[in-house]
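Novice: Below is upload.tsv; it holds TSV, C-alpha atoms.
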```tsv
chain	number	residue	atom	x	y	z
A	1	MET	CA	-30.79	11.95	-21.12
A	2	LYS	CA	-28.61	11.62	-18.01
A	3	LYS	CA	-29.66	15.08	-16.76
A	4	THR	CA	-33.35	14.26	-17.35
A	5	LEU	CA	-33.04	10.98	-15.48
A	6	LEU	CA	-31.32	12.70	-12.56
A	7	LEU	CA	-34.10	15.30	-12.33
A	8	LEU	CA	-36.73	12.57	-12.37
A	9	LEU	CA	-35.01	10.61	-9.64
A	10	LEU	CA	-34.08	13.55	-7.41
A	11	PRO	CA	-37.46	13.75	-5.59
A	12	PHE	CA	-37.21	10.01	-4.86
A	13	PHE	CA	-33.76	10.40	-3.31
A	14	ILE	CA	-34.86	13.37	-1.22
A	15	PHE	CA	-37.95	11.47	-0.03
A	16	SER	CA	-35.88	8.41	0.79
A	17	CYS	CA	-33.37	10.41	2.85
A	18	VAL	CA	-36.08	12.23	4.80
A	19	ASP	CA	-38.00	9.01	5.39
A	20	SER	CA	-34.85	7.28	6.64
A	21	GLN	CA	-34.04	10.17	8.98
A	22	GLU	CA	-37.59	10.16	10.39
A	23	SER	CA	-37.51	6.41	10.98
A	24	THR	CA	-34.32	6.55	13.05
A	25	THR	CA	-35.33	9.56	15.14
A	26	ALA	CA	-38.99	8.70	15.65
A	27	LYS	CA	-40.29	8.97	19.19
A	28	LYS	CA	-39.55	5.82	21.16
A	29	ASN	CA	-41.96	3.80	23.29
A	30	THR	CA	-39.70	2.98	26.23
A	31	THR	CA	-37.74	5.13	28.66
A	32	VAL	CA	-35.73	3.73	31.56
A	33	SER	CA	-34.91	5.89	34.56
A	34	ILE	CA	-33.70	5.57	38.14
A	35	SER	CA	-35.08	6.99	41.37
A	36	GLY	CA	-32.95	6.19	44.40
A	37	ASN	CA	-32.32	2.43	44.33
A	38	GLN	CA	-35.23	1.65	41.99
A	39	PHE	CA	-35.74	1.34	38.23
A	40	LEU	CA	-38.66	2.88	36.42
A	41	ILE	CA	-39.91	2.20	32.90
A	42	ASN	CA	-41.91	5.01	31.35
A	43	GLY	CA	-42.01	6.77	34.69
A	44	GLU	CA	-43.50	3.85	36.61
A	45	LEU	CA	-41.73	1.45	38.94
A	46	THR	CA	-41.08	-1.94	37.43
A	47	HIS	CA	-43.54	-4.52	38.79
A	48	LYS	CA	-45.34	-1.72	40.62
A	49	GLY	CA	-46.99	-2.85	43.84
A	50	ARG	CA	-45.80	-6.42	43.47
A	51	GLU	CA	-44.56	-8.43	46.47
A	52	TRP	CA	-43.30	-11.99	46.53
A	53	GLN	CA	-42.90	-13.99	49.76
A	54	ASP	CA	-43.55	-10.71	51.64
A	55	GLN	CA	-40.64	-9.07	49.81
A	56	LYS	CA	-41.00	-5.92	47.74
A	57	ILE	CA	-39.88	-6.48	44.16
A	58	GLU	CA	-41.15	-3.27	42.54
A	59	GLY	CA	-38.21	-1.32	41.17
A	60	LEU	CA	-36.07	-4.39	40.48
A	61	LEU	CA	-34.71	-5.17	37.01
A	62	PHE	CA	-34.88	-8.89	36.28
A	63	ASN	CA	-32.42	-9.64	33.51
A	64	SER	CA	-30.52	-12.28	31.53
A	65	ARG	CA	-27.15	-12.32	29.79
A	66	MET	CA	-27.87	-12.49	26.04
A	67	VAL	CA	-24.60	-10.94	24.83
A	68	GLN	CA	-24.33	-12.76	21.46
A	69	GLY	CA	-27.34	-11.17	19.76
A	70	ILE	CA	-25.22	-9.48	17.07
A	71	PHE	CA	-22.34	-12.01	17.04
A	72	ASN	CA	-20.28	-12.63	13.93
A	73	ASP	CA	-16.79	-14.16	13.88
A	74	THR	CA	-14.76	-12.45	11.15
A	75	ASN	CA	-11.69	-14.63	11.63
A	76	PRO	CA	-11.69	-17.13	8.71
A	77	GLU	CA	-9.62	-19.56	10.79
A	78	THR	CA	-12.22	-19.90	13.57
A	79	LYS	CA	-15.62	-18.93	12.09
A	80	ASP	CA	-16.49	-22.51	11.13
A	81	ASN	CA	-16.50	-23.43	14.82
A	82	PHE	CA	-19.90	-21.76	15.16
A	83	VAL	CA	-21.98	-23.39	12.44
A	84	TYR	CA	-25.61	-24.34	13.07
A	85	PRO	CA	-26.20	-28.05	13.58
A	86	ASP	CA	-28.94	-28.18	10.94
A	87	THR	CA	-27.32	-26.18	8.09
A	88	LYS	CA	-23.63	-26.69	8.92
A	89	THR	CA	-23.08	-23.00	8.21
A	90	TRP	CA	-22.96	-19.83	10.31
A	91	ASP	CA	-25.47	-17.06	9.62
A	92	ALA	CA	-25.25	-13.79	11.59
A	93	ASP	CA	-28.62	-12.57	10.34
A	94	ARG	CA	-30.31	-15.82	11.34
A	95	ASN	CA	-28.84	-15.40	14.81
A	96	THR	CA	-30.32	-11.92	15.17
A	97	ASN	CA	-33.63	-12.94	13.59
A	98	GLU	CA	-34.07	-15.80	16.06
A	99	PHE	CA	-33.04	-13.54	18.95
A	100	ILE	CA	-35.76	-11.05	18.03
A	101	ALA	CA	-38.34	-13.80	17.54
A	102	ALA	CA	-37.69	-15.08	21.08
A	103	MET	CA	-37.88	-11.72	22.85
A	104	PRO	CA	-41.68	-11.64	23.35
A	105	SER	CA	-41.57	-14.95	25.24
A	106	TRP	CA	-38.85	-13.61	27.55
A	107	LYS	CA	-41.00	-10.56	28.25
A	108	GLU	CA	-44.09	-12.69	28.90
A	109	HIS	CA	-42.20	-14.50	31.67
A	110	GLY	CA	-41.30	-11.23	33.44
A	111	LEU	CA	-37.88	-10.40	31.99
A	112	ASP	CA	-37.31	-6.64	32.22
A	113	ALA	CA	-33.89	-6.42	30.60
A	114	PHE	CA	-31.12	-8.30	28.87
A	115	THR	CA	-27.41	-7.68	28.52
A	116	LEU	CA	-26.14	-7.35	24.97
A	117	ASN	CA	-22.45	-6.68	24.22
A	118	LEU	CA	-20.92	-4.96	21.20
A	119	GLN	CA	-17.97	-7.35	21.46
A	120	GLY	CA	-20.00	-10.34	22.62
A	121	GLY	CA	-18.60	-12.70	25.21
A	122	SER	CA	-16.85	-16.03	25.04
A	123	PRO	CA	-18.87	-18.07	22.50
A	124	LEU	CA	-17.73	-21.20	24.34
A	125	GLY	CA	-19.02	-19.94	27.69
A	126	TYR	CA	-15.59	-19.16	29.08
A	127	GLY	CA	-12.18	-18.51	27.49
A	128	ASN	CA	-10.84	-16.85	24.33
A	129	LYS	CA	-9.41	-18.72	21.36
A	130	GLY	CA	-8.84	-16.47	18.37
A	131	TRP	CA	-12.28	-15.41	17.19
A	132	ILE	CA	-12.86	-11.79	16.16
A	133	ASN	CA	-16.27	-10.41	17.09
A	134	THR	CA	-16.40	-6.65	17.47
A	135	THR	CA	-18.67	-3.78	16.44
A	136	PHE	CA	-15.65	-1.47	16.29
A	137	ASP	CA	-12.86	-1.41	13.72
A	138	ALA	CA	-9.23	-0.81	14.69
A	139	LYS	CA	-9.78	2.96	14.92
A	140	GLY	CA	-13.02	2.75	16.89
A	141	GLU	CA	-15.35	3.38	13.98
A	142	LEU	CA	-18.69	1.53	13.91
A	143	LYS	CA	-19.14	-1.41	11.54
A	144	ALA	CA	-22.34	-1.03	9.53
A	145	ASP	CA	-23.45	-4.68	9.60
A	146	TYR	CA	-23.15	-4.91	13.39
A	147	ILE	CA	-25.02	-1.62	13.84
A	148	THR	CA	-27.81	-2.81	11.55
A	149	ARG	CA	-28.31	-5.91	13.69
A	150	LEU	CA	-28.06	-3.84	16.90
A	151	GLU	CA	-30.68	-1.39	15.67
A	152	ARG	CA	-33.15	-4.19	14.96
A	153	ILE	CA	-32.79	-5.56	18.51
A	154	LEU	CA	-33.05	-2.12	20.14
A	155	ASN	CA	-36.18	-1.38	18.13
A	156	LYS	CA	-37.83	-4.64	19.20
A	157	ALA	CA	-36.86	-4.05	22.83
A	158	ASP	CA	-38.35	-0.56	22.62
A	159	GLU	CA	-41.56	-2.03	21.18
A	160	LEU	CA	-41.76	-4.54	24.05
A	161	ASN	CA	-40.95	-2.01	26.82
A	162	MET	CA	-37.72	-3.86	27.59
A	163	VAL	CA	-34.42	-2.39	28.77
A	164	VAL	CA	-31.13	-3.20	27.07
A	165	ILE	CA	-28.02	-3.30	29.25
A	166	LEU	CA	-25.56	-2.55	26.45
A	167	GLY	CA	-21.97	-3.59	27.02
A	168	TYR	CA	-19.42	-1.67	24.97
A	169	PHE	CA	-16.31	-3.83	25.42
A	170	TYR	CA	-15.33	-7.40	26.24
A	171	PHE	CA	-11.87	-8.39	27.49
A	172	GLY	CA	-11.46	-11.00	24.76
A	173	GLN	CA	-11.85	-8.42	22.00
A	174	ASP	CA	-10.54	-5.00	23.10
A	175	GLN	CA	-7.10	-5.88	21.71
A	176	PHE	CA	-8.44	-5.34	18.20
A	177	LEU	CA	-8.64	-1.60	18.86
A	178	ASP	CA	-5.31	0.01	17.96
A	179	ASP	CA	-4.74	2.20	20.99
A	180	GLU	CA	-6.33	4.32	23.70
A	181	ALA	CA	-7.41	6.93	21.18
A	182	ALA	CA	-9.33	4.23	19.31
A	183	VAL	CA	-11.05	3.13	22.53
A	184	ILE	CA	-12.12	6.70	23.26
A	185	ASN	CA	-13.30	7.11	19.67
A	186	ALA	CA	-15.35	3.91	19.97
A	187	VAL	CA	-16.98	5.15	23.19
A	188	ASP	CA	-17.84	8.49	21.65
A	189	ASN	CA	-19.15	6.96	18.42
A	190	ILE	CA	-21.52	4.43	19.96
A	191	THR	CA	-22.73	6.80	22.69
A	192	LYS	CA	-23.57	9.48	20.12
A	193	TRP	CA	-25.21	6.92	17.84
A	194	ILE	CA	-27.53	5.72	20.64
A	195	LEU	CA	-28.49	9.25	21.62
A	196	GLU	CA	-28.84	10.54	18.06
A	197	HIS	CA	-31.19	7.67	17.27
A	198	GLY	CA	-33.32	8.55	20.29
A	199	TYR	CA	-33.03	5.30	22.24
A	200	THR	CA	-34.14	5.85	25.83
A	201	ASN	CA	-34.36	2.17	26.81
A	202	VAL	CA	-30.58	1.64	26.92
A	203	ILE	CA	-28.32	1.63	29.97
A	204	VAL	CA	-24.60	1.08	29.55
A	205	GLU	CA	-22.20	-1.52	30.94
A	206	LEU	CA	-18.99	0.23	29.86
A	207	ASN	CA	-17.11	-3.05	29.82
A	208	ASN	CA	-17.65	-6.58	31.03
A	209	GLU	CA	-15.52	-7.39	34.08
A	210	THR	CA	-13.17	-4.43	33.98
A	211	ASP	CA	-10.69	-6.13	36.35
A	212	ILE	CA	-9.87	-8.99	33.91
A	213	HIS	CA	-7.27	-9.01	31.09
A	214	TYR	CA	-7.95	-5.74	29.28
A	215	ASP	CA	-5.14	-4.67	26.97
A	216	HIS	CA	-5.86	-0.95	27.16
A	217	GLU	CA	-5.23	0.74	30.50
A	218	ILE	CA	-8.25	3.01	30.17
A	219	LEU	CA	-10.47	-0.10	30.20
A	220	GLN	CA	-8.86	-1.45	33.36
A	221	ALA	CA	-10.30	-1.01	36.85
A	222	ALA	CA	-8.02	1.85	37.87
A	223	ARG	CA	-9.09	4.12	35.00
A	224	VAL	CA	-12.43	2.91	33.66
A	225	HIS	CA	-14.24	5.61	35.64
A	226	GLU	CA	-12.79	8.10	33.13
A	227	LEU	CA	-14.83	6.49	30.36
A	228	ILE	CA	-17.93	6.22	32.53
A	229	LYS	CA	-17.79	9.98	33.08
A	230	ARG	CA	-17.19	10.55	29.36
A	231	VAL	CA	-20.43	8.75	28.54
A	232	GLN	CA	-22.31	10.56	31.31
A	233	ASP	CA	-21.09	13.94	30.01
A	234	THR	CA	-22.40	13.29	26.49
A	235	GLU	CA	-25.80	14.90	25.99
A	236	ILE	CA	-27.79	15.03	22.75
A	237	ASN	CA	-31.32	16.38	22.39
A	238	GLY	CA	-31.52	16.71	26.17
A	239	GLN	CA	-30.81	13.01	26.72
A	240	LYS	CA	-27.95	11.28	28.54
A	241	LEU	CA	-27.23	7.60	29.21
A	242	LEU	CA	-27.13	5.83	32.58
A	243	VAL	CA	-23.76	4.09	32.95
A	244	SER	CA	-21.90	1.57	35.08
A	245	THR	CA	-19.38	-1.23	34.58
A	246	SER	CA	-19.01	-4.73	36.02
A	247	PHE	CA	-16.30	-6.58	37.92
A	248	SER	CA	-15.56	-10.30	37.95
A	249	GLY	CA	-17.56	-12.77	40.01
A	250	GLY	CA	-17.69	-11.97	43.70
A	251	LYS	CA	-15.55	-8.82	43.35
A	252	VAL	CA	-16.68	-5.59	44.97
A	253	PRO	CA	-16.30	-2.54	42.69
A	254	THR	CA	-13.65	0.05	43.40
A	255	GLN	CA	-14.82	3.09	45.33
A	256	ALA	CA	-14.17	5.32	42.30
A	257	VAL	CA	-16.46	3.22	40.11
A	258	ALA	CA	-19.12	2.89	42.82
A	259	ASP	CA	-19.15	6.65	43.39
A	260	ILE	CA	-19.45	7.69	39.75
A	261	SER	CA	-21.76	4.96	38.42
A	262	ASP	CA	-25.48	5.58	38.05
A	263	PHE	CA	-26.17	2.01	39.19
A	264	ILE	CA	-23.93	-0.75	40.57
A	265	LEU	CA	-23.19	-3.83	38.45
A	266	ILE	CA	-21.83	-6.99	40.07
A	267	HIS	CA	-21.42	-10.63	39.05
A	268	GLY	CA	-22.33	-13.72	41.04
A	269	ASN	CA	-20.01	-16.23	39.36
A	270	GLY	CA	-18.00	-18.01	42.02
A	271	VAL	CA	-20.43	-16.99	44.78
A	272	ALA	CA	-21.56	-20.55	45.39
A	273	THR	CA	-23.49	-20.46	48.68
A	274	GLN	CA	-26.20	-18.36	50.25
A	275	THR	CA	-23.83	-17.31	53.02
A	276	LYS	CA	-21.29	-16.05	50.49
A	277	MET	CA	-23.98	-14.26	48.47
A	278	LEU	CA	-25.32	-12.52	51.57
A	279	GLY	CA	-21.82	-11.40	52.52
A	280	PHE	CA	-21.12	-10.22	48.99
A	281	ILE	CA	-24.30	-8.14	48.84
A	282	GLU	CA	-23.62	-6.68	52.29
A	283	ASN	CA	-20.11	-5.61	51.22
A	284	VAL	CA	-21.40	-3.98	48.05
A	285	LYS	CA	-24.17	-2.11	49.89
A	286	ALA	CA	-21.60	-0.81	52.38
A	287	LEU	CA	-19.68	0.71	49.48
A	288	VAL	CA	-22.62	2.70	48.13
A	289	LYS	CA	-22.75	6.15	49.72
A	290	THR	CA	-26.00	7.29	48.13
A	291	PRO	CA	-28.95	5.05	47.17
A	292	LYS	CA	-28.41	3.36	43.80
A	293	PRO	CA	-29.83	0.20	42.25
A	294	ILE	CA	-27.60	-2.86	42.58
A	295	VAL	CA	-27.80	-5.24	39.65
A	296	ILE	CA	-26.30	-8.68	39.18
A	297	ASN	CA	-26.19	-9.13	35.40
A	298	GLU	CA	-24.20	-12.35	35.34
A	299	ASP	CA	-24.52	-15.39	37.59
A	300	ASP	CA	-23.96	-19.00	36.54
A	301	HIS	CA	-25.68	-20.57	39.59
A	302	PHE	CA	-29.07	-22.21	39.11
A	303	ASN	CA	-30.96	-24.61	41.44
A	304	PHE	CA	-34.02	-22.38	41.12
A	305	GLU	CA	-36.30	-24.67	43.12
A	306	SER	CA	-34.28	-23.88	46.27
A	307	ASP	CA	-35.04	-20.95	48.57
A	308	THR	CA	-31.28	-20.53	49.05
A	309	CYS	CA	-30.37	-20.17	45.37
A	310	ASN	CA	-28.63	-16.96	44.30
A	311	PHE	CA	-31.68	-15.72	42.38
A	312	VAL	CA	-33.94	-15.92	45.43
A	313	THR	CA	-31.26	-14.67	47.82
A	314	ALA	CA	-30.56	-11.59	45.70
A	315	THR	CA	-34.27	-10.86	45.23
A	316	ASN	CA	-34.95	-11.15	48.96
A	317	ASN	CA	-32.18	-8.61	49.57
A	318	TYR	CA	-33.49	-6.17	46.96
A	319	VAL	CA	-30.79	-6.80	44.37
A	320	SER	CA	-31.78	-7.34	40.73
A	321	TRP	CA	-30.55	-10.72	39.47
A	322	GLY	CA	-29.34	-11.79	36.03
A	323	TYR	CA	-29.17	-15.29	34.54
A	324	PHE	CA	-25.97	-16.46	32.79
A	325	ASP	CA	-26.26	-19.76	30.95
A	326	PHE	CA	-23.84	-21.46	28.56
A	327	ARG	CA	-23.78	-24.84	26.83
A	328	MET	CA	-21.95	-27.26	29.09
A	329	GLU	CA	-19.96	-30.30	28.03
A	330	ASN	CA	-22.03	-32.88	26.12
A	331	GLU	CA	-25.16	-30.71	26.17
A	332	GLY	CA	-27.31	-30.22	23.08
A	333	PHE	CA	-27.95	-27.13	20.95
A	334	GLU	CA	-30.98	-26.10	23.01
A	335	ASN	CA	-28.81	-25.38	26.06
A	336	GLY	CA	-27.23	-22.06	26.97
A	337	PHE	CA	-27.69	-18.44	25.91
A	338	GLN	CA	-24.00	-17.58	25.49
A	339	SER	CA	-22.60	-20.50	23.52
A	340	VAL	CA	-22.66	-19.92	19.75
A	341	PRO	CA	-24.67	-20.95	17.81
A	342	VAL	CA	-27.45	-20.02	20.23
A	343	ASP	CA	-30.94	-21.41	20.53
A	344	TRP	CA	-32.68	-18.26	21.81
A	345	ALA	CA	-35.92	-20.05	22.68
A	346	ILE	CA	-36.87	-21.14	26.21
A	347	SER	CA	-36.04	-24.66	25.18
A	348	SER	CA	-33.82	-26.43	27.73
A	349	GLU	CA	-34.91	-27.60	31.16
A	350	ARG	CA	-32.51	-25.10	32.77
A	351	LYS	CA	-33.94	-22.19	30.79
A	352	LYS	CA	-37.49	-23.28	31.62
A	353	SER	CA	-36.60	-23.48	35.30
A	354	PHE	CA	-35.25	-19.91	35.34
A	355	PHE	CA	-38.07	-18.37	33.33
A	356	ASN	CA	-40.75	-20.19	35.33
A	357	LYS	CA	-39.18	-19.00	38.58
A	358	MET	CA	-39.08	-15.45	37.28
A	359	LYS	CA	-42.71	-15.68	36.24
A	360	GLU	CA	-43.62	-16.90	39.72
A	361	ILE	CA	-41.80	-13.97	41.30
A	362	THR	CA	-43.07	-11.24	38.99
A	363	GLN	CA	-46.63	-12.29	38.24
A	364	GLU	CA	-49.75	-13.30	40.11
```
What's the structure tokens form of this structure?

Specialist:
Amino acid sequence: MKKTLLLLLLPFFIFSCVDSQESTTAKKNTTVSISGNQFLINGELTHKGREWQDQKIEGLLFNSRMVQGIFNDTNPETKDNFVYPDTKTWDADRNTNEFIAAMPSWKEHGLDAFTLNLQGGSPLGYGNKGWINTTFDAKGELKADYITRLERILNKADELNMVVILGYFYFGQDQFLDDEAAVINAVDNITKWILEHGYTNVIVELNNETDIHYDHEILQAARVHELIKRVQDTEINGQKLLVSTSFSGGKVPTQAVADISDFILIHGNGVATQTKMLGFIENVKALVKTPKPIVINEDDHFNFESDTCNFVTATNNYVSWGYFDFRMENEGFENGFQSVPVDWAISSERKKSFFNKMKEITQE
């Protein structure tokens, strides 16, 4: 009886395995590439032919920091800090579901890309207080539940022709990897997973703000270029990933990172005036020996109605700008994209102001 049942079920198992393999390696819709200092999606410049206030914006990558899309606190002592206001419970799948549901509206307003991080970011906006949120286990192996949520987001982004700036590490979570060997294993595992699954809409932020508080030396500013090169040297099915890493607000990258990176990532936190932003951009451009895109993928300055705001200043100087928003003191659930639990909709006045400004810049 058992042998007969096995023979009857065998074709089903074979079909299921083949079907699963085909679904993960199916041809993707979206490919991101770089030519000089410009981004292309599916071989065409982003916002091709578009100008705004007599400034060229084709080739820029308008983005927002959405790092908590696969968040889940596995520390039982802190996880109840992130319950939803309506259910009084936390639900990691709900978080990802609502993220995916909101993505089309972001795209409709002109958003080209968003930053997602495999170790999240501070769920309070800033600071670290005990939570454990990481796609990697202590040895650098991938956790299945995180990868399932990641895959769903990457698939939706691919469907929408959106780029994912995928951060591998966050300085509040790298301590949960045992040692340098585990960090290297984590880099290899996730890089191979992305390439094996055929994603061509992903560019890599090796770690968020490499110059801040990393426990492992290889993730610190003096050595992080070693990991950037490791990712660049990994090729599967003729595909490689574009890679960079970011530094803290207002900090110019090291020459080693600037030289090896495929694009330059900088942060605008702490760059509070137009004069400072102009000086910051000038210093970064002076560092770049060959043309590469410069991307701000974190900036907590708003005031979007002003022609001197960081968003406008960066755009007018041909630097891609990225919105960073968190829930500030005494603000409601609808505010912020980094504070957990997150309302992923364009719901607060601050979110509306950013997305409306981006729509003005990118669309007729």

Novice: Counting all atoms listed in the file, figure out which residue out of A:Thr275, A:Ser33, A:Ser348, A:Gln38 gets nearest to Glu331 in chain A.

Specialist: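 Residue with the minimum atom-to-atom distance to Glu331 in chain A: A:Ser348.
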
Novice: Using all atoms listed in the file, which residue out of A:Ser320, A:Ser122, A:Asn189, A:Thr254 lies closest to Leu60 in chain A?

Specialist: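 Between A:Ser320, A:Ser122, A:Asn189, A:Thr254, the residue approaching Leu60 in chain A most closely is A:Ser320.
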
Novice: My list of candidates is A:Ile228, A:Leu124, A:Leu219, A:Met162. Which is closest to Glu329 in chain A when distances are computed with all atoms listed in the file?

Specialist: A:Leu124

Novice: Mind running range 158-178 of chain A against range 129-141 of chain A at 7 Å and telling me each contacting residue's nearest atom pair with the distance in Å (one decimal), counting all atoms listed in the file, chain and number ascending, as CSV?

Specialist:
```
residue,atom,partner,partner_atom,distance
A:Gln173,CA,A:Thr134,CA,6.7
A:Phe176,CA,A:Ala138,CA,5.8
A:Leu177,CA,A:Ala138,CA,4.3
A:Asp178,CA,A:Ala138,CA,5.2
```

Novice: Counting all atoms listed in the file, which of A:Gln274, A:Asn117, A:Asn37, A:Thr290 gets nearest to Ile260 in chain A?

Specialist: A:Thr290

Novice: Which residue, A:Ala221, A:Val187, A:Ala182, A:Val202, has the smallest gap to Thr234 in chain A when you use only C-alpha atoms?

Specialist: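 Looking only at the distances to Thr234 in chain A, the closest residue turns out to be A:Val187.
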
Novice: Counting all atoms listed in the file, which of A:Thr31, A:Tyr168, A:Gly36, A:Gln53 gets nearest to Lys240 in chain A?

Specialist: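 Looking only at the distances to Lys240 in chain A, the closest residue turns out to be A:Thr31.
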
Novice: For a quick check of your reading of the model, name the residues lying within 6 Å of the coordinate (-29.6, -17.3, 36.6), counting all atoms listed in the file, and write them as a list in words.

Specialist: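 The residues near that point, listed by chain and number, are Asp299, Asp300, His301, Phe302, Gly322, Tyr323 and Phe324 of chain A.
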
Novice: Report, in Å with one decimal, the straight-line distance from CA of Asp179 in chain A to CA of Gly121 in chain A.

Specialist: 20.8 Å

Novice: Excluding Val288 in chain A and its own-chain neighbours fewer than 4 positions away, which residues fall within 12 Å of it when counting all atoms listed in the file? Please give them as a list of chain:residue names.

Specialist: A:Gly36, A:Asn37, A:Val252, A:Pro253, A:Thr254, A:Gln255, A:Ala256, A:Val257, A:Ala258, A:Asp259, A:Ile260, A:Ser261, A:Asp262, A:Phe263, A:Ile264, A:Leu265, A:Ile281, A:Glu282, A:Asn283, A:Val284, A:Lys292, A:Pro293, A:Ile294

Novice: Distance CA of Glu209 in chain A-CA of Gly172 in chain A, one decimal place?

Specialist: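 Separation between CA of Glu209 in chain A and CA of Gly172 in chain A: 10.8 Å.
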
Novice: How far is it from CA of Ile296 in chain A to CA of Leu278 in chain A, in Å with one decimal?

Specialist: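 Between CA of Ile296 in chain A and CA of Leu278 in chain A the gap is 13.0 Å.
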
Novice: Can you tell me, as a list in words, which residues sit within 12 Å of (-13.5, -16.9, 11.7) in the file's frame, using all atoms listed in the file?

Specialist: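 Applying the cut-off with all atoms listed in the file, one gets Phe71, Asn72, Asp73, Thr74, Asn75, Pro76, Glu77, Thr78, Lys79, Asp80, Asn81, Phe82, Val83, Thr89, Trp90, Lys129, Gly130, Trp131, Ile132 and Asn133 of chain A.
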
Novice: Which residues, written as number ranges by chain, have at least one atom at most 9 Å from range 106-112 of chain A, with only C-alpha atoms counted and residues fewer than 3 positions away on the same chain left out?

Specialist: A: 46-47, 60-64, 102-103, 160-164, 345-346, 355-363

Novice: Can you tell me, as a PDB file with C-alpha atoms, in the frame of the given file, what residues are no more than 10 Å from Asn29 in chain A when counting only C-alpha atoms, ignoring any on the same chain fewer than 6 positions away?

Specialist:
```pdb
ATOM      1  CA  ILE A  41     -39.910   2.200  32.900  1.00  0.00           C
ATOM      2  CA  ASN A  42     -41.910   5.010  31.350  1.00  0.00           C
ATOM      3  CA  ASN A 155     -36.180  -1.380  18.130  1.00  0.00           C
ATOM      4  CA  ALA A 157     -36.860  -4.050  22.830  1.00  0.00           C
ATOM      5  CA  ASP A 158     -38.350  -0.560  22.620  1.00  0.00           C
ATOM      6  CA  GLU A 159     -41.560  -2.030  21.180  1.00  0.00           C
ATOM      7  CA  LEU A 160     -41.760  -4.540  24.050  1.00  0.00           C
ATOM      8  CA  ASN A 161     -40.950  -2.010  26.820  1.00  0.00           C
ATOM      9  CA  MET A 162     -37.720  -3.860  27.590  1.00  0.00           C
ATOM     10  CA  TYR A 199     -33.030   5.300  22.240  1.00  0.00           C
ATOM     11  CA  THR A 200     -34.140   5.850  25.830  1.00  0.00           C
ATOM     12  CA  ASN A 201     -34.360   2.170  26.810  1.00  0.00           C
TER      13      ASN A 201
END
```
